[in-house]
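Source file target.txt; content: compact mmCIF, C-alpha atoms.
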```txt
# COMPACT_ATOMS: atom_id res chain seq x y z
CA VAL A 1174 122.26 69.77 -40.25
CA SER A 1175 121.97 69.81 -44.03
CA ASP A 1176 118.53 69.68 -45.66
CA SER A 1177 118.70 66.46 -47.70
CA THR A 1178 115.92 67.70 -49.99
CA ASN A 1179 117.71 70.99 -50.71
CA LEU A 1180 121.45 70.64 -50.19
CA SER A 1181 122.15 74.11 -51.61
CA GLY A 1182 119.67 75.76 -49.26
CA TYR A 1183 119.77 76.65 -45.59
CA ASN A 1184 120.57 74.11 -42.90
CA LEU A 1185 117.86 72.79 -40.61
CA VAL A 1186 117.78 72.44 -36.84
CA GLY A 1187 118.72 68.85 -36.03
CA ALA A 1188 118.62 66.87 -32.82
CA MET A 1189 119.60 68.94 -29.82
CA ARG A 1190 123.02 67.86 -28.59
CA SER A 1191 123.75 70.31 -25.82
CA ASN A 1192 122.12 72.65 -23.38
CA GLN A 1193 124.72 74.27 -21.17
CA SER A 1194 124.34 76.74 -18.35
CA THR A 1195 127.26 78.86 -17.19
CA ILE A 1196 127.64 80.56 -13.83
CA SER A 1197 130.28 83.25 -13.44
CA LYS A 1198 131.09 84.66 -10.01
CA THR A 1199 133.44 87.56 -9.48
CA GLY A 1200 134.65 89.35 -6.39
CA THR A 1201 136.72 92.52 -6.36
CA TYR A 1202 138.25 94.40 -3.45
CA PHE A 1203 139.88 97.78 -3.96
CA THR A 1204 141.36 100.54 -1.87
CA GLN A 1205 143.18 103.72 -2.81
CA TRP A 1206 144.86 106.40 -0.68
CA THR A 1207 146.32 109.80 -1.53
CA LEU A 1208 148.96 111.49 0.63
CA ALA A 1209 149.12 115.27 0.26
CA MET A 1210 152.59 116.71 0.88
CA PRO A 1211 153.85 120.29 1.22
CA GLY A 1212 154.61 122.10 -2.02
CA ASP A 1213 151.54 120.77 -3.86
CA LEU A 1214 153.08 117.31 -4.12
CA SER A 1215 150.91 114.22 -3.71
CA PHE A 1216 151.36 110.46 -3.82
CA THR A 1217 148.60 107.98 -4.65
CA ALA A 1218 148.72 104.24 -3.99
CA GLY A 1219 145.98 101.73 -4.65
CA LEU A 1220 145.60 97.98 -4.48
CA GLY A 1221 142.93 95.78 -5.97
CA MET A 1222 142.34 92.05 -5.67
CA SER A 1223 139.98 90.07 -7.89
CA ASN A 1224 138.72 86.49 -7.88
CA MET A 1225 136.69 84.67 -10.52
CA ASN A 1226 134.90 81.33 -10.36
CA LEU A 1227 133.51 79.69 -13.51
CA GLU A 1228 131.08 76.78 -13.54
CA LEU A 1229 129.49 75.01 -16.51
CA LYS A 1230 126.75 72.38 -16.30
CA ASP A 1231 125.52 70.05 -19.05
CA GLN A 1232 121.74 70.05 -18.75
CA LEU A 1233 121.30 67.38 -21.45
CA TYR A 1234 123.72 64.95 -19.91
CA VAL A 1235 123.36 61.41 -21.26
CA PRO A 1236 123.08 58.93 -18.34
CA ALA A 1237 125.06 56.34 -20.28
CA ASN A 1238 128.09 58.61 -19.97
CA ASN A 1239 127.99 58.24 -16.21
CA LYS A 1240 130.55 55.46 -15.94
CA PRO A 1241 134.09 55.22 -14.53
CA ASP A 1242 135.83 55.72 -17.86
CA ALA A 1243 133.57 58.54 -19.05
CA LYS A 1244 135.45 61.29 -20.89
CA ILE A 1245 132.66 63.84 -20.76
CA PRO A 1246 131.76 64.90 -17.20
CA ARG A 1247 128.49 66.49 -16.24
CA GLY A 1248 130.04 69.75 -15.14
CA TYR A 1249 133.21 71.81 -15.15
CA GLN A 1250 134.48 74.24 -12.58
CA THR A 1251 137.60 76.35 -12.16
CA SER A 1252 138.76 79.42 -10.27
CA TYR A 1253 141.23 82.25 -10.86
CA LEU A 1254 142.19 83.64 -7.48
CA ASN A 1255 144.22 86.46 -5.95
CA MET A 1256 144.68 88.59 -9.06
CA VAL A 1257 146.44 91.49 -7.30
CA SER A 1258 146.49 94.82 -9.16
CA PRO A 1259 148.63 97.65 -7.75
CA HIS A 1260 148.49 101.30 -8.80
CA PHE A 1261 150.98 104.05 -7.96
CA ALA A 1262 151.07 107.70 -8.99
CA VAL A 1263 152.89 110.91 -8.12
CA ASN A 1264 151.53 114.36 -8.94
CA LYS A 1265 153.14 117.81 -8.68
CA VAL A 1266 151.26 121.11 -9.11
CA PHE A 1267 153.15 124.18 -10.30
CA LYS A 1268 151.81 127.65 -9.41
CA LYS A 1269 148.22 126.36 -9.42
CA MET A 1270 148.43 126.38 -13.22
CA PHE A 1271 149.62 122.99 -14.40
CA THR A 1272 150.61 119.59 -13.08
CA LEU A 1273 153.10 116.87 -13.93
CA TYR A 1274 152.30 113.27 -13.08
CA ALA A 1275 153.60 109.74 -13.47
CA SER A 1276 151.68 106.53 -12.82
CA TYR A 1277 152.04 102.76 -12.90
CA SER A 1278 149.13 100.31 -13.09
CA LYS A 1279 148.70 96.56 -13.38
CA GLY A 1280 145.56 94.60 -14.23
CA TYR A 1281 144.26 91.17 -15.17
CA LYS A 1282 141.73 89.63 -17.54
CA ALA A 1283 140.62 86.13 -16.55
CA PRO A 1284 139.78 83.55 -19.27
CA VAL A 1285 136.16 83.51 -20.42
CA SER A 1286 133.83 80.56 -19.85
CA SER A 1287 134.34 79.10 -23.34
CA TYR A 1288 138.11 78.81 -22.84
CA PHE A 1289 138.46 76.90 -19.57
CA PHE A 1290 137.37 73.48 -20.87
CA ILE A 1291 137.94 71.51 -24.10
CA PRO A 1292 134.63 70.15 -25.48
CA ALA A 1293 136.28 67.61 -27.79
CA THR A 1294 138.09 65.83 -24.95
CA GLY A 1295 135.86 66.73 -22.00
CA GLU A 1296 138.88 67.97 -20.05
CA LEU A 1297 139.52 71.13 -18.10
CA ASN A 1298 142.00 73.45 -19.77
CA ARG A 1299 144.10 73.56 -16.62
CA GLY A 1300 147.10 75.41 -18.00
CA LEU A 1301 145.34 78.73 -18.57
CA VAL A 1302 146.26 81.76 -16.51
CA PRO A 1303 144.77 85.29 -16.66
CA GLU A 1304 146.11 87.79 -19.16
CA THR A 1305 148.21 90.50 -17.51
CA GLY A 1306 148.64 94.14 -18.46
CA GLU A 1307 151.12 96.68 -17.09
CA GLN A 1308 151.09 100.38 -17.98
CA ILE A 1309 153.39 103.31 -17.31
CA GLU A 1310 152.04 106.79 -18.08
CA LEU A 1311 153.67 110.23 -17.94
CA GLY A 1312 151.72 113.40 -18.50
CA THR A 1313 150.90 116.98 -17.78
CA LYS A 1314 147.70 119.04 -17.77
CA GLY A 1315 146.77 122.54 -16.84
CA ASN A 1316 145.41 126.00 -17.62
CA LEU A 1317 147.53 128.67 -19.28
CA MET A 1318 147.06 132.22 -20.59
CA LYS A 1319 144.76 133.22 -17.69
CA LYS A 1320 142.78 130.00 -18.10
CA ARG A 1321 142.06 130.68 -21.76
CA LEU A 1322 143.98 127.59 -22.84
CA GLN A 1323 143.46 124.16 -21.30
CA TYR A 1324 145.71 121.30 -22.29
CA GLU A 1325 146.37 117.63 -21.51
CA ILE A 1326 149.35 115.60 -22.76
CA ALA A 1327 149.96 111.94 -21.95
CA VAL A 1328 152.63 109.46 -23.06
CA PHE A 1329 152.05 105.81 -22.23
CA LYS A 1330 153.50 102.35 -22.69
CA THR A 1331 151.45 99.22 -22.03
CA VAL A 1332 152.59 95.60 -22.23
CA PHE A 1333 150.15 92.68 -22.24
CA TYR A 1334 151.46 89.25 -21.22
CA ASN A 1335 149.94 85.78 -21.53
CA LYS A 1336 147.59 86.77 -24.37
CA MET A 1337 145.27 83.98 -25.50
CA THR A 1338 146.16 82.08 -28.65
CA ALA A 1339 144.79 78.94 -30.34
CA VAL A 1340 146.40 75.49 -30.52
CA ALA A 1341 145.14 73.17 -33.27
CA VAL A 1342 144.93 69.38 -32.97
CA PRO A 1343 144.60 67.70 -36.39
CA LEU A 1344 142.47 64.72 -37.28
CA ASN A 1345 144.16 61.31 -36.96
CA SER A 1346 143.35 57.70 -36.13
CA VAL A 1347 142.74 58.35 -32.43
CA THR A 1348 141.15 61.78 -32.24
CA THR A 1349 138.82 64.16 -34.00
CA ALA A 1350 140.09 67.54 -35.12
CA TYR A 1351 139.69 70.32 -32.58
CA SER A 1352 141.39 73.39 -31.16
CA TYR A 1353 141.78 74.91 -27.71
CA MET A 1354 143.09 78.09 -26.16
CA ARG A 1355 146.33 78.60 -24.26
CA ASN A 1356 148.56 81.45 -23.15
CA GLY A 1357 151.25 82.30 -25.62
CA GLY A 1358 151.07 85.86 -26.87
CA ARG A 1359 152.27 89.34 -26.05
CA GLN A 1360 151.35 92.85 -27.21
CA ASN A 1361 153.24 96.12 -26.87
CA HIS A 1362 151.25 99.36 -26.93
CA GLN A 1363 152.74 102.84 -26.81
CA GLY A 1364 151.42 106.19 -27.82
CA VAL A 1365 150.85 109.90 -27.27
CA GLU A 1366 147.57 111.72 -26.58
CA LEU A 1367 147.04 115.49 -26.75
CA LEU A 1368 143.98 117.60 -25.92
CA LEU A 1369 143.64 121.38 -26.36
CA ARG A 1370 140.69 123.61 -25.48
CA GLY A 1371 140.79 127.35 -25.92
CA THR A 1372 138.68 130.47 -25.41
CA VAL A 1373 139.57 133.08 -28.01
CA PHE A 1374 136.63 135.34 -27.17
CA GLU A 1375 134.10 135.60 -24.34
CA SER A 1376 131.66 138.41 -23.54
CA ALA A 1377 128.28 138.92 -21.92
CA GLN A 1378 127.30 141.49 -24.60
CA GLY A 1379 127.33 141.68 -28.39
CA PHE A 1380 126.58 139.22 -31.17
CA PHE A 1381 129.34 136.75 -30.23
CA ARG A 1382 129.21 135.59 -26.62
CA SER A 1383 131.97 132.95 -26.80
CA VAL A 1384 134.22 131.34 -29.37
CA LYS A 1385 135.95 128.15 -28.18
CA PRO A 1386 138.13 126.04 -30.47
CA PHE A 1387 139.23 122.53 -29.49
CA ALA A 1388 141.45 119.78 -30.85
CA ASN A 1389 142.66 116.35 -29.81
CA PHE A 1390 145.32 114.14 -31.34
CA ALA A 1391 146.35 110.54 -30.68
CA TYR A 1392 149.27 108.54 -32.03
CA SER A 1393 149.18 104.79 -31.41
CA ASP A 1394 152.02 102.37 -32.07
CA PHE A 1395 150.45 99.02 -31.14
CA ARG A 1396 152.33 95.87 -32.16
CA TYR A 1397 152.23 92.17 -31.46
CA GLY A 1398 155.22 90.84 -29.56
CA THR A 1399 155.80 87.10 -29.78
CA PHE A 1400 152.42 85.91 -31.04
CA LYS A 1401 151.55 82.82 -33.10
CA PHE A 1402 148.13 81.43 -33.96
CA GLN A 1403 147.26 77.92 -35.16
CA THR A 1404 144.39 76.75 -37.37
CA LEU A 1405 143.64 73.51 -39.24
CA ASN A 1406 144.02 73.06 -42.97
CA SER A 1407 140.95 72.50 -45.16
CA ALA A 1408 141.17 68.71 -44.72
CA ARG A 1409 141.58 69.20 -40.95
CA THR A 1410 144.56 66.83 -41.04
CA GLY A 1411 147.36 69.34 -40.61
CA ILE A 1412 148.28 72.49 -38.67
CA VAL A 1413 148.64 75.91 -40.27
CA GLU A 1414 150.60 78.26 -38.02
CA THR A 1415 150.66 82.01 -38.63
CA ASP A 1416 153.29 84.17 -36.98
CA TYR A 1417 152.09 87.69 -36.19
CA SER A 1418 155.17 88.63 -34.18
CA GLY A 1419 156.20 92.24 -34.76
CA LYS A 1420 153.17 93.09 -36.90
CA VAL A 1421 150.86 96.05 -36.25
CA VAL A 1422 147.83 95.22 -34.11
CA ALA A 1423 144.71 95.07 -36.28
CA GLY A 1424 141.88 97.53 -35.74
CA VAL A 1425 143.94 100.48 -34.52
CA SER A 1426 144.52 103.64 -36.58
CA PRO A 1427 148.02 105.05 -36.00
CA ILE A 1428 146.77 108.66 -36.09
CA THR A 1429 143.38 110.10 -35.15
CA VAL A 1430 142.53 113.81 -35.02
CA ASN A 1431 139.40 115.72 -33.99
CA CYS A 1432 139.11 119.50 -34.10
CA GLY A 1433 136.45 122.15 -34.28
CA ILE A 1434 134.94 125.39 -33.02
CA ASP A 1435 131.97 125.95 -30.69
CA MET A 1436 130.34 129.38 -30.86
CA ASN A 1437 127.61 130.79 -28.63
CA LEU A 1438 125.73 133.81 -30.02
CA PHE A 1439 123.13 136.26 -28.71
CA TYR A 1440 119.57 135.12 -27.81
CA GLY A 1441 120.70 131.54 -27.25
CA LEU A 1442 121.91 130.90 -30.79
CA TYR A 1443 124.82 128.53 -31.20
CA PHE A 1444 126.91 127.09 -34.03
CA SER A 1445 129.55 124.37 -34.13
CA ILE A 1446 131.69 122.80 -36.79
CA ASN A 1447 134.06 119.87 -36.34
CA TYR A 1448 136.38 117.75 -38.42
CA SER A 1449 137.33 114.15 -37.61
CA TYR A 1450 140.25 112.33 -39.26
CA ARG A 1451 141.07 108.64 -38.98
CA ASP A 1452 144.27 107.23 -40.44
CA ALA A 1453 144.40 104.05 -42.50
CA MET A 1454 144.54 100.89 -40.39
CA TYR A 1455 145.06 97.17 -40.86
CA PHE A 1456 141.95 95.08 -40.26
CA THR A 1457 143.59 91.66 -40.54
CA SER A 1458 146.34 90.63 -38.14
CA ASP A 1459 148.62 89.52 -41.00
CA ASN A 1460 148.74 93.20 -42.15
CA LEU A 1461 147.68 92.24 -45.69
CA ASN A 1462 144.40 94.18 -45.70
CA GLN A 1463 144.13 97.87 -44.90
CA THR A 1464 141.38 100.48 -44.79
CA LYS A 1465 141.71 103.89 -46.40
CA SER A 1466 142.13 107.05 -44.37
CA PHE A 1467 139.23 109.50 -44.29
CA GLY A 1468 138.11 112.81 -42.84
CA ILE A 1469 134.54 113.78 -41.97
CA LEU A 1470 133.26 117.36 -41.68
CA ASN A 1471 130.11 117.93 -39.58
CA SER A 1472 128.24 121.04 -38.50
CA LYS A 1473 125.28 121.94 -36.28
CA ALA A 1474 123.36 125.17 -35.55
CA GLY A 1475 120.44 125.92 -33.31
CA ILE A 1476 118.82 128.05 -30.67
CA LYS A 1477 118.24 127.22 -27.01
CA THR A 1478 115.99 129.50 -25.01
CA GLN A 1479 113.83 129.65 -21.87
CA ILE A 1480 110.23 130.05 -23.05
CA ALA A 1481 108.62 129.93 -19.60
CA LYS A 1482 109.59 129.52 -15.96
CA HIS A 1483 110.00 125.75 -16.19
CA PHE A 1484 110.29 125.19 -19.93
CA GLU A 1485 113.39 125.25 -22.13
CA LEU A 1486 113.11 124.94 -25.92
CA GLU A 1487 115.86 123.91 -28.33
CA VAL A 1488 115.55 123.83 -32.12
CA PHE A 1489 118.49 122.71 -34.22
CA VAL A 1490 119.58 121.68 -37.71
CA GLY A 1491 122.79 119.96 -38.80
CA ALA A 1492 124.70 118.28 -41.57
CA ASN A 1493 126.99 115.26 -41.36
CA ASN A 1494 129.63 114.33 -43.93
CA ILE A 1495 129.45 117.72 -45.61
CA THR A 1496 132.17 116.80 -48.13
CA SER A 1497 130.41 113.53 -49.14
CA THR A 1498 133.35 111.33 -48.19
CA GLN A 1499 133.25 107.55 -48.36
CA TYR A 1500 133.93 106.18 -44.89
CA TYR A 1501 133.05 103.30 -42.56
CA GLN A 1502 131.10 103.34 -39.32
CA MET A 1503 132.47 100.00 -38.11
CA VAL A 1504 135.12 97.47 -39.16
CA PHE A 1505 135.11 93.83 -38.08
CA VAL A 1506 138.68 92.70 -37.47
CA ASN A 1507 139.80 89.47 -39.14
CA GLN A 1508 136.41 88.89 -40.79
CA LEU A 1509 136.73 88.89 -44.56
CA PRO A 1510 134.99 89.59 -46.86
CA ASP A 1511 132.21 91.30 -44.86
CA ALA A 1512 134.49 93.54 -42.83
CA TYR A 1513 132.83 96.94 -43.32
CA ILE A 1514 129.65 98.62 -42.18
CA PRO A 1515 129.75 101.72 -44.42
CA GLY A 1516 128.53 105.16 -43.44
CA PRO A 1517 126.28 107.31 -45.67
CA ARG A 1518 128.19 108.24 -48.83
CA GLU A 1519 126.42 111.58 -49.37
CA ILE A 1520 125.83 114.55 -47.08
CA ASN A 1521 123.18 113.80 -44.46
CA PHE A 1522 120.92 116.58 -43.13
CA TYR A 1523 118.94 116.39 -39.90
CA ALA A 1524 116.82 118.60 -37.66
CA GLY A 1525 115.24 118.30 -34.26
CA LEU A 1526 113.32 119.91 -31.46
CA ASN A 1527 113.76 119.41 -27.71
CA LEU A 1528 111.38 120.61 -25.06
CA ARG A 1529 112.57 120.32 -21.47
CA PHE A 1530 110.50 120.77 -18.33
CA SER A 1531 112.27 121.43 -15.01
CA PHE A 1532 110.44 121.03 -11.70
```

As structure tokens, what does this structure read like?
Amino acid sequence: VSDSTNLSGYNLVGAMRSNQSTISKTGTYFTQWTLAMPGDLSFTAGLGMSNMNLELKDQLYVPANNKPDAKIPRGYQTSYLNMVSPHFAVNKVFKKMFTLYASYSKGYKAPVSSYFFIPATGELNRGLVPETGEQIELGTKGNLMKKRLQYEIAVFKTVFYNKMTAVAVPLNSVTTAYSYMRNGGRQNHQGVELLLRGTVFESAQGFFRSVKPFANFAYSDFRYGTFKFQTLNSARTGIVETDYSGKVVAGVSPITVNCGIDMNLFYGLYFSINYSYRDAMYFTSDNLNQTKSFGILNSKAGIKTQIAKHFELEVFVGANNITSTQYYQMVFVNQLPDAYIPGPREINFYAGLNLRFSF
């Protein structure tokens, strides 16, 4: 509540109006079987079933509310049962070098405890159903060039149904203003992921013992399908509806890249350098606010050696953000103006020592 002696200051704790306890019970059953066929062909099939029970109790219930026409009950309870999730996959190995696979999966996300009842009316939100996701993935992975090159490539498409969205109820002569959740949204995710690991040099003698570059790349095209969201106007007397249909999902960079080189040297010396790139992304669902893209260069060097029969010593130094790039460590989606937690603007040096004892 407001402090009447200092209206521009912080609010004070007023009379306690609620004390609610929530009990969430979940049960999950899952089985998966793989059938190996001749010719390095295999089929995998799995089936999961989940149940969720939610219960909320008002531990400051007012006895005067306990009457036949009471709108606010003492407790709420609901269940989401028989959420069946199948999984199918087929995998083919070629010459013990690489595989091709295809898979289909389905899963559910039950509503959280704050969604299944409407505090303003004291009613259960009976129309809610779990969100549903279905994914198809095609890919290949393997070892080439006498196992000097390892790769993984995956292409996927995921569709989410019954996404949660808000419905606003404006203030009028018979009700207070409030909002509640219902199913009414859809999202379409598709993308490509690539991973490469290589060994360009490896030897038990000499200054260089191994040189291993690596790189991974991800392209994400995530968009809202039919998705609308309602809020109340400033006077809380009218509905403001925003249509996000077809817009890019907030909080997802279309392109991310990581690459680097790991080198092991003589006497336990090692050195690594890596570069991480993150593409610009929208951080509001209306696609009106966007981050900037950035790339971070990091490096680390050290020595790891056995100093006694049971003791291993590691000493290392490193540098993060070598190019002094402005970047963020975290972005809060749809939370303006304080959306960013920035990373250090200048290069950041560090050092450390690890001593390990093995029985």

Test item: residues at most 8 Å from Leu1438 in chain A, all atoms listed in the file, excluding those fewer than 2 positions along its chain, as a PyMOL selection string: chain A and resi 1380-1383+1436+1440-1444

Please indicate the distance in Å from CA of Asn1361 in chain A to CA of Asp1416 in chain A, rounded to one decimal place.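 Separating CA of Asn1361 in chain A from CA of Asp1416 in chain A is a distance of 15.7 Å.
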
Rank A:Phe1395, A:Phe1216, A:Tyr1281, A:Phe1400 by their smallest atom-to-atom distance to Met1454 in chain A, using all atoms listed in the file, and report the top residue only.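 Selected residue with least distance to Met1454 in chain A: A:Phe1395.
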
Can you tell me which residues surround Ser1393 in chain A at a distance of at most 8 Å, considering all atoms listed in the file, apart from same-chain residues fewer than 4 positions away, and format the answer as a list of chain:residue names? A:His1362, A:Gln1363, A:Gly1364, A:Val1365, A:Val1425, A:Ser1426, A:Pro1427, A:Ile1428

Coordinates-based distance that separates CA of Phe1387 in chain A from CA of Asn1493 in chain A (Å, one decimal): 18.5 Å

Range 1383-1480 of chain A residues near range 1348-1355 of chain A within 9 Å, closest pair each, using only C-alpha atoms, as CSV:
```
residue,atom,partner,partner_atom,distance
A:Gln1403,CA,A:Ser1352,CA,8.4
A:Thr1404,CA,A:Ser1352,CA,7.7
A:Leu1405,CA,A:Ala1350,CA,8.1
A:Arg1409,CA,A:Ala1350,CA,6.2
A:Thr1410,CA,A:Ala1350,CA,7.5
```

Given all atoms listed in the file as the counted atoms, nearest of A:Ala1408, A:Ala1339, A:Lys1330, A:Met1270 to Ile1291 in chain A: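 Of A:Ala1408, A:Ala1339, A:Lys1330, A:Met1270, the one nearest Ile1291 in chain A, counting all atoms listed in the file, is A:Ala1339.
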
Nearby residues (only C-alpha atoms) at most 10 Å from range 1519-1523 of chain A, same-chain spacing under 2 positions excluded, as JSON, numbers by chain: {"A": [1470, 1471, 1472, 1473, 1489, 1490, 1491, 1492, 1493, 1494, 1495, 1496, 1497, 1498, 1499, 1516, 1517, 1525]}

Just-selected residues, C-alpha atoms written as a CSV table (one decimal), in the frame of the given file:
```csv
chain,number,residue,atom,x,y,z
A,1470,LEU,CA,133.3,117.4,-41.7
A,1471,ASN,CA,130.1,117.9,-39.6
A,1472,SER,CA,128.2,121.0,-38.5
A,1473,LYS,CA,125.3,121.9,-36.3
A,1489,PHE,CA,118.5,122.7,-34.2
A,1490,VAL,CA,119.6,121.7,-37.7
A,1491,GLY,CA,122.8,120.0,-38.8
A,1492,ALA,CA,124.7,118.3,-41.6
A,1493,ASN,CA,127.0,115.3,-41.4
A,1494,ASN,CA,129.6,114.3,-43.9
A,1495,ILE,CA,129.4,117.7,-45.6
A,1496,THR,CA,132.2,116.8,-48.1
A,1497,SER,CA,130.4,113.5,-49.1
A,1498,THR,CA,133.4,111.3,-48.2
A,1499,GLN,CA,133.2,107.6,-48.4
A,1516,GLY,CA,128.5,105.2,-43.4
A,1517,PRO,CA,126.3,107.3,-45.7
A,1525,GLY,CA,115.2,118.3,-34.3
```

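Computed from the coordinates, the CA of Tyr1334 in chain A to CA of Arg1359 in chain A distance equals 4.9 Å.
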
With a cut-off of 12 Å, could you pull out the residues of range 1384-1497 of chain A touching range 1312-1323 of chain A and give me the nearest pair of atoms for each, distance in Å to one decimal, using all atoms listed in the file, ordered by chain and ascending number, as JSON lines?
```
{"residue": "A:Val1384", "atom": "CA", "partner": "A:Arg1321", "partner_atom": "CA", "distance": 10.9}
{"residue": "A:Lys1385", "atom": "CA", "partner": "A:Arg1321", "partner_atom": "CA", "distance": 9.2}
{"residue": "A:Pro1386", "atom": "CA", "partner": "A:Leu1322", "partner_atom": "CA", "distance": 9.7}
{"residue": "A:Phe1387", "atom": "CA", "partner": "A:Gln1323", "partner_atom": "CA", "distance": 9.4}
{"residue": "A:Ala1388", "atom": "CA", "partner": "A:Gln1323", "partner_atom": "CA", "distance": 10.7}
{"residue": "A:Asn1389", "atom": "CA", "partner": "A:Gln1323", "partner_atom": "CA", "distance": 11.6}
```

Find, counting only C-alpha atoms, the residue in A:Ser1286, A:Gln1193, A:Ser1258, A:Thr1204 that gets nearest to Gln1232 in chain A.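 Once distances to Gln1232 in chain A are computed over only C-alpha atoms, the minimum belongs to A:Gln1193.
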